[in-house]
file run-v6.cif (mmCIF, C-alpha atoms and all ligand atoms; chains and numbers go by the auth columns)
data_work
#
loop_
_atom_site.group_PDB
_atom_site.id
_atom_site.type_symbol
_atom_site.label_atom_id
_atom_site.label_comp_id
_atom_site.label_asym_id
_atom_site.label_seq_id
_atom_site.Cartn_x
_atom_site.Cartn_y
_atom_site.Cartn_z
_atom_site.B_iso_or_equiv
_atom_site.auth_seq_id
_atom_site.auth_asym_id
ATOM 1 C CA MET A 1 106.663 -53.740 90.174 0.00 1232 S
ATOM 2 C CA GLU A 2 106.689 -52.755 86.524 0.00 1233 S
ATOM 3 C CA ASN A 3 107.084 -54.961 83.444 0.00 1234 S
ATOM 4 C CA VAL A 4 106.858 -58.173 85.437 0.00 1235 S
ATOM 5 C CA SER A 5 104.405 -60.743 84.078 0.00 1236 S
ATOM 6 C CA PRO A 6 102.368 -62.517 86.723 0.00 1237 S
ATOM 7 C CA SER A 7 103.474 -66.111 87.275 0.00 1238 S
ATOM 8 C CA PRO A 8 101.288 -68.546 85.356 0.00 1239 S
ATOM 9 C CA VAL A 9 99.048 -70.517 87.691 0.00 1240 S
ATOM 10 C CA PRO A 10 97.614 -74.017 87.271 0.00 1241 S
ATOM 11 C CA LYS A 11 94.138 -74.237 85.729 0.00 1242 S
ATOM 12 C CA PHE A 12 91.454 -76.749 86.627 0.00 1243 S
ATOM 13 C CA GLY A 13 89.411 -78.707 84.120 0.00 1244 S
ATOM 14 C CA VAL A 14 86.709 -81.350 84.403 0.00 1245 S
ATOM 15 C CA ALA A 15 86.453 -84.223 81.883 0.00 1246 S
ATOM 16 C CA VAL A 16 83.491 -86.586 81.825 0.00 1247 S
ATOM 17 C CA PHE A 17 83.394 -90.268 80.937 0.00 1248 S
ATOM 18 C CA LEU A 18 80.089 -91.132 79.253 0.00 1249 S
ATOM 19 C CA LEU A 19 80.011 -94.850 78.561 0.00 1250 S
ATOM 20 C CA LYS A 20 77.838 -97.004 76.320 0.00 1251 S
ATOM 21 C CA ASP A 21 78.495 -100.759 76.349 0.00 1252 S
ATOM 22 C CA LYS A 22 82.300 -100.892 75.949 0.00 1253 S
ATOM 23 C CA THR A 23 82.513 -97.506 74.204 0.00 1254 S
ATOM 24 C CA VAL A 24 83.263 -93.984 75.374 0.00 1255 S
ATOM 25 C CA LEU A 25 82.150 -90.631 73.936 0.00 1256 S
ATOM 26 C CA LEU A 26 85.070 -88.676 72.448 0.00 1257 S
ATOM 27 C CA GLY A 27 85.492 -85.660 70.198 0.00 1258 S
ATOM 28 C CA ARG A 28 88.488 -84.379 68.255 0.00 1259 S
ATOM 29 C CA ARG A 29 89.582 -81.068 69.778 0.00 1260 S
ATOM 30 C CA ARG A 30 89.900 -77.902 67.747 0.00 1261 S
ATOM 31 C CA SER A 31 91.214 -75.840 70.706 0.00 1262 S
ATOM 32 C CA SER A 32 94.848 -74.741 70.763 0.00 1263 S
ATOM 33 C CA ILE A 33 95.583 -76.983 73.759 0.00 1264 S
ATOM 34 C CA GLY A 34 95.651 -80.519 72.403 0.00 1265 S
ATOM 35 C CA HIS A 35 94.576 -79.510 68.893 0.00 1266 S
ATOM 36 C CA ASN A 36 93.431 -82.543 66.830 0.00 1267 S
ATOM 37 C CA THR A 37 93.536 -84.918 69.792 0.00 1268 S
ATOM 38 C CA PHE A 38 90.560 -87.023 70.895 0.00 1269 S
ATOM 39 C CA ALA A 39 89.146 -85.994 74.252 0.00 1270 S
ATOM 40 C CA LEU A 40 86.251 -86.522 76.622 0.00 1271 S
ATOM 41 C CA PRO A 41 83.668 -83.752 76.864 0.00 1272 S
ATOM 42 C CA GLY A 42 84.597 -81.215 79.525 0.00 1273 S
ATOM 43 C CA GLY A 43 86.194 -77.853 80.125 0.00 1274 S
ATOM 44 C CA HIS A 44 87.316 -75.282 82.650 0.00 1275 S
ATOM 45 C CA LEU A 45 86.027 -75.289 86.196 0.00 1276 S
ATOM 46 C CA GLU A 46 84.365 -71.936 86.827 0.00 1277 S
ATOM 47 C CA PHE A 47 84.654 -69.998 90.063 0.00 1278 S
ATOM 48 C CA GLY A 48 82.502 -71.523 92.808 0.00 1279 S
ATOM 49 C CA GLU A 49 81.365 -74.557 90.800 0.00 1280 S
ATOM 50 C CA SER A 50 81.336 -78.079 92.201 0.00 1281 S
ATOM 51 C CA PHE A 51 82.927 -80.767 90.002 0.00 1282 S
ATOM 52 C CA GLU A 52 79.440 -82.189 89.392 0.00 1283 S
ATOM 53 C CA GLU A 53 78.035 -78.793 88.334 0.00 1284 S
ATOM 54 C CA CYS A 54 80.959 -78.256 85.989 0.00 1285 S
ATOM 55 C CA ALA A 55 80.529 -81.748 84.457 0.00 1286 S
ATOM 56 C CA ASP A 56 76.804 -81.163 83.967 0.00 1287 S
ATOM 57 C CA ARG A 57 77.304 -77.708 82.386 0.00 1288 S
ATOM 58 C CA GLU A 58 80.242 -78.607 80.134 0.00 1289 S
ATOM 59 C CA VAL A 59 78.644 -81.796 78.784 0.00 1290 S
ATOM 60 C CA GLU A 60 75.432 -79.969 77.945 0.00 1291 S
ATOM 61 C CA GLU A 61 77.285 -77.000 76.379 0.00 1292 S
ATOM 62 C CA ALA A 62 79.419 -79.266 74.193 0.00 1293 S
ATOM 63 C CA THR A 63 77.067 -82.136 73.315 0.00 1294 S
ATOM 64 C CA GLY A 64 73.548 -81.075 74.298 0.00 1295 S
ATOM 65 C CA LEU A 65 73.310 -84.205 76.466 0.00 1296 S
ATOM 66 C CA LEU A 66 71.640 -84.089 79.846 0.00 1297 S
ATOM 67 C CA ILE A 67 73.453 -86.276 82.358 0.00 1298 S
ATOM 68 C CA GLU A 68 72.842 -87.739 85.805 0.00 1299 S
ATOM 69 C CA LYS A 69 74.494 -89.932 88.460 0.00 1300 S
ATOM 70 C CA ILE A 70 77.657 -87.811 88.232 0.00 1301 S
ATOM 71 C CA LYS A 71 80.546 -89.246 90.264 0.00 1302 S
ATOM 72 C CA PHE A 72 84.194 -88.390 90.860 0.00 1303 S
ATOM 73 C CA LEU A 73 86.620 -90.936 89.349 0.00 1304 S
ATOM 74 C CA THR A 74 90.205 -89.682 89.457 0.00 1305 S
ATOM 75 C CA VAL A 75 92.486 -86.723 88.811 0.00 1306 S
ATOM 76 C CA THR A 76 95.621 -86.128 86.733 0.00 1307 S
ATOM 77 C CA ASN A 77 98.264 -83.421 86.845 0.00 1308 S
ATOM 78 C CA ASN A 78 99.302 -82.215 83.364 0.00 1309 S
ATOM 79 C CA VAL A 79 101.622 -79.737 81.690 0.00 1310 S
ATOM 80 C CA PHE A 80 100.841 -78.863 78.061 0.00 1311 S
ATOM 81 C CA TYR A 81 102.738 -76.681 75.643 0.00 1312 S
ATOM 82 C CA LYS A 82 100.380 -74.196 74.032 0.00 1313 S
ATOM 83 C CA GLU A 83 102.083 -72.256 71.258 0.00 1314 S
ATOM 84 C CA GLY A 84 105.410 -72.907 73.020 0.00 1315 S
ATOM 85 C CA LYS A 85 104.158 -71.747 76.427 0.00 1316 S
ATOM 86 C CA PRO A 86 103.539 -74.210 79.223 0.00 1317 S
ATOM 87 C CA VAL A 87 100.007 -74.547 80.572 0.00 1318 S
ATOM 88 C CA HIS A 88 99.616 -76.471 83.807 0.00 1319 S
ATOM 89 C CA ALA A 89 96.200 -78.109 84.180 0.00 1320 S
ATOM 90 C CA VAL A 90 94.759 -80.338 86.861 0.00 1321 S
ATOM 91 C CA ILE A 91 92.047 -82.453 85.219 0.00 1322 S
ATOM 92 C CA ILE A 92 89.298 -83.943 87.349 0.00 1323 S
ATOM 93 C CA PHE A 93 87.725 -87.002 85.722 0.00 1324 S
ATOM 94 C CA MET A 94 84.078 -87.710 86.408 0.00 1325 S
ATOM 95 C CA LEU A 95 81.747 -90.535 85.377 0.00 1326 S
ATOM 96 C CA ALA A 96 78.133 -89.883 84.450 0.00 1327 S
ATOM 97 C CA ALA A 97 75.157 -91.522 82.782 0.00 1328 S
ATOM 98 C CA VAL A 98 73.286 -89.954 79.882 0.00 1329 S
ATOM 99 C CA SER A 99 69.746 -89.374 81.153 0.00 1330 S
ATOM 100 C CA ALA A 100 67.531 -91.977 79.509 0.00 1331 S
ATOM 101 C CA HIS A 101 64.438 -89.794 79.188 0.00 1332 S
ATOM 102 C CA PRO A 102 64.128 -88.170 76.770 0.00 1333 S
ATOM 103 C CA GLN A 103 66.171 -90.387 74.432 0.00 1334 S
ATOM 104 C CA GLN A 104 69.269 -88.362 73.507 0.00 1335 S
ATOM 105 C CA LEU A 105 71.999 -88.322 70.880 0.00 1336 S
ATOM 106 C CA PRO A 106 75.193 -86.255 71.158 0.00 1337 S
ATOM 107 C CA GLN A 107 75.206 -83.107 69.010 0.00 1338 S
ATOM 108 C CA ASN A 108 78.199 -80.975 68.143 0.00 1339 S
ATOM 109 C CA ILE A 109 77.022 -77.718 69.751 0.00 1340 S
ATOM 110 C CA GLU A 110 80.445 -76.006 69.671 0.00 1341 S
ATOM 111 C CA PRO A 111 81.903 -76.805 66.219 0.00 1342 S
ATOM 112 C CA ASP A 112 84.636 -74.206 66.804 0.00 1343 S
ATOM 113 C CA LYS A 113 85.901 -76.394 69.695 0.00 1344 S
ATOM 114 C CA CYS A 114 85.287 -79.955 68.443 0.00 1345 S
ATOM 115 C CA ASP A 115 85.002 -81.745 65.063 0.00 1346 S
ATOM 116 C CA SER A 116 82.275 -84.190 66.117 0.00 1347 S
ATOM 117 C CA TRP A 117 81.241 -86.536 68.936 0.00 1348 S
ATOM 118 C CA ASP A 118 81.293 -90.291 68.467 0.00 1349 S
ATOM 119 C CA TRP A 119 81.327 -93.465 70.533 0.00 1350 S
ATOM 120 C CA TYR A 120 84.713 -95.247 70.402 0.00 1351 S
ATOM 121 C CA ASP A 121 85.660 -98.719 71.575 0.00 1352 S
ATOM 122 C CA TRP A 122 87.641 -98.395 74.829 0.00 1353 S
ATOM 123 C CA ASN A 123 89.866 -101.276 73.641 0.00 1354 S
ATOM 124 C CA ASN A 124 90.554 -99.636 70.268 0.00 1355 S
ATOM 125 C CA LEU A 125 90.745 -95.912 70.927 0.00 1356 S
ATOM 126 C CA PRO A 126 91.431 -93.374 68.177 0.00 1357 S
ATOM 127 C CA GLN A 127 94.794 -91.635 68.119 0.00 1358 S
ATOM 128 C CA PRO A 128 96.177 -89.293 69.178 0.00 1359 S
ATOM 129 C CA LEU A 129 94.413 -88.965 72.517 0.00 1360 S
ATOM 130 C CA PHE A 130 94.340 -85.733 74.525 0.00 1361 S
ATOM 131 C CA GLY A 131 97.294 -85.897 76.960 0.00 1362 S
ATOM 132 C CA PRO A 132 95.298 -86.144 80.210 0.00 1363 S
ATOM 133 C CA LEU A 133 93.227 -89.025 78.797 0.00 1364 S
ATOM 134 C CA GLU A 134 96.305 -90.741 77.351 0.00 1365 S
ATOM 135 C CA LYS A 135 97.787 -90.764 80.867 0.00 1366 S
ATOM 136 C CA LEU A 136 94.850 -92.810 82.139 0.00 1367 S
ATOM 137 C CA VAL A 137 94.636 -95.412 79.399 0.00 1368 S
ATOM 138 C CA GLY A 138 96.102 -98.688 80.554 0.00 1369 S
ATOM 139 C CA ALA A 139 96.388 -97.409 84.123 0.00 1370 S
ATOM 140 C CA PHE A 140 92.723 -96.838 84.852 0.00 1371 S
ATOM 141 C CA ASP A 141 89.451 -98.568 83.992 0.00 1372 S
ATOM 142 C CA PRO A 142 86.485 -96.160 83.844 0.00 1373 S
ATOM 143 C CA PHE A 143 83.940 -98.969 83.482 0.00 1374 S
ATOM 144 C CA PRO A 144 82.173 -99.570 86.788 0.00 1375 S
ATOM 145 C CA SER A 145 81.805 -103.168 87.952 0.00 1376 S
ATOM 146 C CA GLU A 146 78.109 -102.482 88.503 0.00 1377 S
ATOM 147 C CA LYS A 147 75.855 -100.567 86.108 0.00 1378 S
ATOM 148 C CA ILE A 148 75.518 -96.900 87.211 0.00 1379 S
HETATM 149 P P1 LIG B . 86.447 -74.726 77.627 0.00 1 C
HETATM 150 O O1 LIG B . 85.077 -75.005 77.072 0.00 1 C
HETATM 151 O O2 LIG B . 86.351 -74.527 79.107 0.00 1 C
HETATM 152 O O3 LIG B . 87.200 -73.640 76.941 0.00 1 C
HETATM 153 O O4 LIG B . 87.202 -76.112 77.330 0.00 1 C
HETATM 154 P P2 LIG B . 88.606 -76.690 77.091 0.00 1 C
HETATM 155 O O5 LIG B . 88.331 -78.071 76.615 0.00 1 C
HETATM 156 O O6 LIG B . 89.471 -75.906 76.218 0.00 1 C
HETATM 157 O O7 LIG B . 89.260 -76.788 78.551 0.00 1 C
HETATM 158 C C1 LIG B . 89.991 -77.875 78.922 0.00 1 C
HETATM 159 C C2 LIG B . 90.478 -77.700 80.345 0.00 1 C
HETATM 160 C C3 LIG B . 91.811 -77.051 80.416 0.00 1 C
HETATM 161 C C4 LIG B . 92.147 -76.758 81.853 0.00 1 C
HETATM 162 C C5 LIG B . 92.894 -77.802 79.702 0.00 1 C
#

call {"tool": "encode", "arguments": {"input": "run-v6.cif", "output": "structure tokens"}}
result
Amino acid sequence: MENVSPSPVPKFGVAVFLLKDKTVLLGRRRSSIGHNTFALPGGHLEFGESFEECADREVEEATGLLIEKIKFLTVTNNVFYKEGKPVHAVIIFMLAAVSAHPQQLPQNIEPDKCDSWDWYDWNNLPQPLFGPLEKLVGAFDPFPSEKI
């Protein structure tokens, strides 16, 4: 067939909750999808990766943080409008702990993708939130009942 665009297909992304007391690590996105919204560290699932491998890689690429105890939390189904075109993304939410040794602070390794990383109070989140995260707020509590 000529001149027929392939149908767009859903993409998969992994987003990682890193928690400290009652705060969560968020950065303001500079990407075209969800530009200027506050989001968890994460990104596209690459071919053959497990969710845990993707979480580990994306968090380190974006923040420099080494993480451990990576667990699946939940998933959301999302449709975004990127420059007027719909993008369908399934986002897999994971929970992880920042490895305690060595002592680590988040760094903004990809300043073209994020303004900065900061810890924000879960009960007083900055606005606007990235759509997939917004969907969870109020409906989902990422804080485990026992320390991870
Ligand atoms: P990467 O780093 O994979 O380009 O990240 P992203 O934050 O733009 O990807 C988010 C996941 C998609 C599926 C919305």

call {"tool": "residues_around", "arguments": {"input": "run-v6.cif", "residues": "region 1332-1336 of chain S", "least_positions_apart": "3", "cutoff": "9 Å", "atoms": "all atoms listed in the file", "output": "list in words"}}
result
Thr1294, Gly1295, Leu1296, Leu1297 and Val1329 of chain S

call {"tool": "residues_near_point", "arguments": {"input": "run-v6.cif", "point": "(72.0, -91.7, 87.7)", "cutoff": "8 Å", "atoms": "all atoms listed in the file", "output": "JSON, numbers by chain"}}
result
{"S": [1298, 1299, 1300, 1301, 1327, 1328, 1330, 1379]}

call {"tool": "residues_near_ligand", "arguments": {"input": "run-v6.cif", "ligand": "ligand LIG 1 (chain C)", "cutoff": "9 Å", "atoms": "only C-alpha atoms and all ligand atoms", "output": "MDAnalysis selection string"}}
result
chainID S and resid 1241:1246 1260:1265 1270:1277 1289 1292:1293 1309 1311 1318:1322 1341 1344:1345 1363

call {"tool": "residues_around", "arguments": {"input": "run-v6.cif", "residues": "Leu1257 (chain S)", "least_positions_apart": "4", "cutoff": "12 Å", "atoms": "all atoms listed in the file", "output": "PyMOL selection string"}}
result
chain S and resi 1246-1251+1267-1273+1290+1293-1294+1337-1339+1345-1353+1356-1361+1364

call {"tool": "resolve_selection", "arguments": {"input": "run-v6.cif", "expression": "the PyMOL selection byres (((chain S and resi 1283) around 9) and not hetatm)", "output": "CSV table (one decimal) with C-alpha atoms, in the frame of the given file"}}
result
chain,number,residue,atom,x,y,z
S,1245,VAL,CA,86.7,-81.4,84.4
S,1280,GLU,CA,81.4,-74.6,90.8
S,1281,SER,CA,81.3,-78.1,92.2
S,1282,PHE,CA,82.9,-80.8,90.0
S,1284,GLU,CA,78.0,-78.8,88.3
S,1285,CYS,CA,81.0,-78.3,86.0
S,1286,ALA,CA,80.5,-81.7,84.5
S,1287,ASP,CA,76.8,-81.2,84.0
S,1288,ARG,CA,77.3,-77.7,82.4
S,1301,ILE,CA,77.7,-87.8,88.2
S,1302,LYS,CA,80.5,-89.2,90.3
S,1303,PHE,CA,84.2,-88.4,90.9
S,1325,MET,CA,84.1,-87.7,86.4

call {"tool": "axis_aligned_box", "arguments": {"input": "run-v6.cif", "around": "region 1294-1299 of chain S", "padding_each_side": "3 Å", "output": "lines of an AutoDock Vina configuration file"}}
result
center_x = 74.4
center_y = -84.4
center_z = 79.6
size_x = 11.4
size_y = 12.7
size_z = 18.5

call {"tool": "closest_residue", "arguments": {"input": "run-v6.cif", "among": "S:Leu1326, S:Leu1367, S:Pro1375, S:Pro1317", "to": "Val1240 (chain S)", "atoms": "only C-alpha atoms"}}
result
S:Pro1317

call {"tool": "atom_distance", "arguments": {"input": "run-v6.cif", "atom1": "CA of Asp1252 (chain S)", "atom2": "CA of Asp1372 (chain S)"}}
result
13.5 Å

call {"tool": "atom_distance", "arguments": {"input": "run-v6.cif", "atom1": "CA of Asp1343 (chain S)", "atom2": "CA of Lys1366 (chain S)"}}
result
25.4 Å

call {"tool": "build_atoms", "arguments": {"input": "run-v6.cif", "residues": "region 1301-1324 of chain S", "atoms": "N, CA and C atoms", "output": "short mmCIF file (atom, residue, chain, number, x, y, z; two decimals), keeping the file's coordinate frame"}}
result
data_model
loop_
_atom_site.label_atom_id
_atom_site.label_comp_id
_atom_site.auth_asym_id
_atom_site.auth_seq_id
_atom_site.Cartn_x
_atom_site.Cartn_y
_atom_site.Cartn_z
N ILE S 1301 76.30 -88.31 88.49
CA ILE S 1301 77.66 -87.81 88.23
C ILE S 1301 78.54 -88.13 89.45
N LYS S 1302 79.67 -88.80 89.16
CA LYS S 1302 80.55 -89.25 90.26
C LYS S 1302 81.99 -88.89 89.96
N PHE S 1303 82.75 -88.61 91.00
CA PHE S 1303 84.19 -88.39 90.86
C PHE S 1303 84.88 -89.73 90.58
N LEU S 1304 85.85 -89.72 89.62
CA LEU S 1304 86.62 -90.94 89.35
C LEU S 1304 88.07 -90.80 89.77
N THR S 1305 88.77 -89.82 89.18
CA THR S 1305 90.20 -89.68 89.46
C THR S 1305 90.67 -88.31 88.99
N VAL S 1306 91.94 -88.03 89.18
CA VAL S 1306 92.49 -86.72 88.81
C VAL S 1306 93.88 -86.92 88.23
N THR S 1307 94.25 -86.08 87.25
CA THR S 1307 95.62 -86.13 86.73
C THR S 1307 96.20 -84.72 86.74
N ASN S 1308 97.51 -84.67 86.82
CA ASN S 1308 98.26 -83.42 86.84
C ASN S 1308 99.01 -83.34 85.51
N ASN S 1309 98.81 -82.24 84.75
CA ASN S 1309 99.30 -82.22 83.36
C ASN S 1309 99.98 -80.89 83.04
N VAL S 1310 101.03 -80.96 82.24
CA VAL S 1310 101.62 -79.74 81.69
C VAL S 1310 101.60 -79.86 80.17
N PHE S 1311 100.95 -78.88 79.52
CA PHE S 1311 100.84 -78.86 78.06
C PHE S 1311 101.72 -77.73 77.54
N TYR S 1312 102.05 -77.80 76.27
CA TYR S 1312 102.74 -76.68 75.64
C TYR S 1312 101.81 -76.09 74.61
N LYS S 1313 101.32 -74.87 74.92
CA LYS S 1313 100.38 -74.20 74.03
C LYS S 1313 101.15 -73.11 73.33
N GLU S 1314 101.31 -73.22 72.02
CA GLU S 1314 102.08 -72.26 71.26
C GLU S 1314 103.41 -71.97 71.96
N GLY S 1315 104.10 -73.05 72.40
CA GLY S 1315 105.41 -72.91 73.02
C GLY S 1315 105.38 -72.53 74.49
N LYS S 1316 104.21 -72.15 75.01
CA LYS S 1316 104.16 -71.75 76.43
C LYS S 1316 103.53 -72.86 77.26
N PRO S 1317 104.13 -73.14 78.42
CA PRO S 1317 103.54 -74.21 79.22
C PRO S 1317 102.22 -73.80 79.86
N VAL S 1318 101.29 -74.73 79.87
CA VAL S 1318 100.01 -74.55 80.57
C VAL S 1318 99.90 -75.72 81.54
N HIS S 1319 99.72 -75.42 82.80
CA HIS S 1319 99.62 -76.47 83.81
C HIS S 1319 98.13 -76.66 84.14
N ALA S 1320 97.63 -77.87 83.94
CA ALA S 1320 96.20 -78.11 84.18
C ALA S 1320 95.99 -79.36 85.02
N VAL S 1321 95.20 -79.20 86.05
CA VAL S 1321 94.76 -80.34 86.86
C VAL S 1321 93.41 -80.75 86.29
N ILE S 1322 93.30 -82.00 85.84
CA ILE S 1322 92.05 -82.45 85.22
C ILE S 1322 91.36 -83.45 86.15
N ILE S 1323 90.12 -83.12 86.46
CA ILE S 1323 89.30 -83.94 87.35
C ILE S 1323 88.39 -84.79 86.46
N PHE S 1324 88.53 -86.09 86.55
CA PHE S 1324 87.72 -87.00 85.72
C PHE S 1324 86.49 -87.45 86.49
#
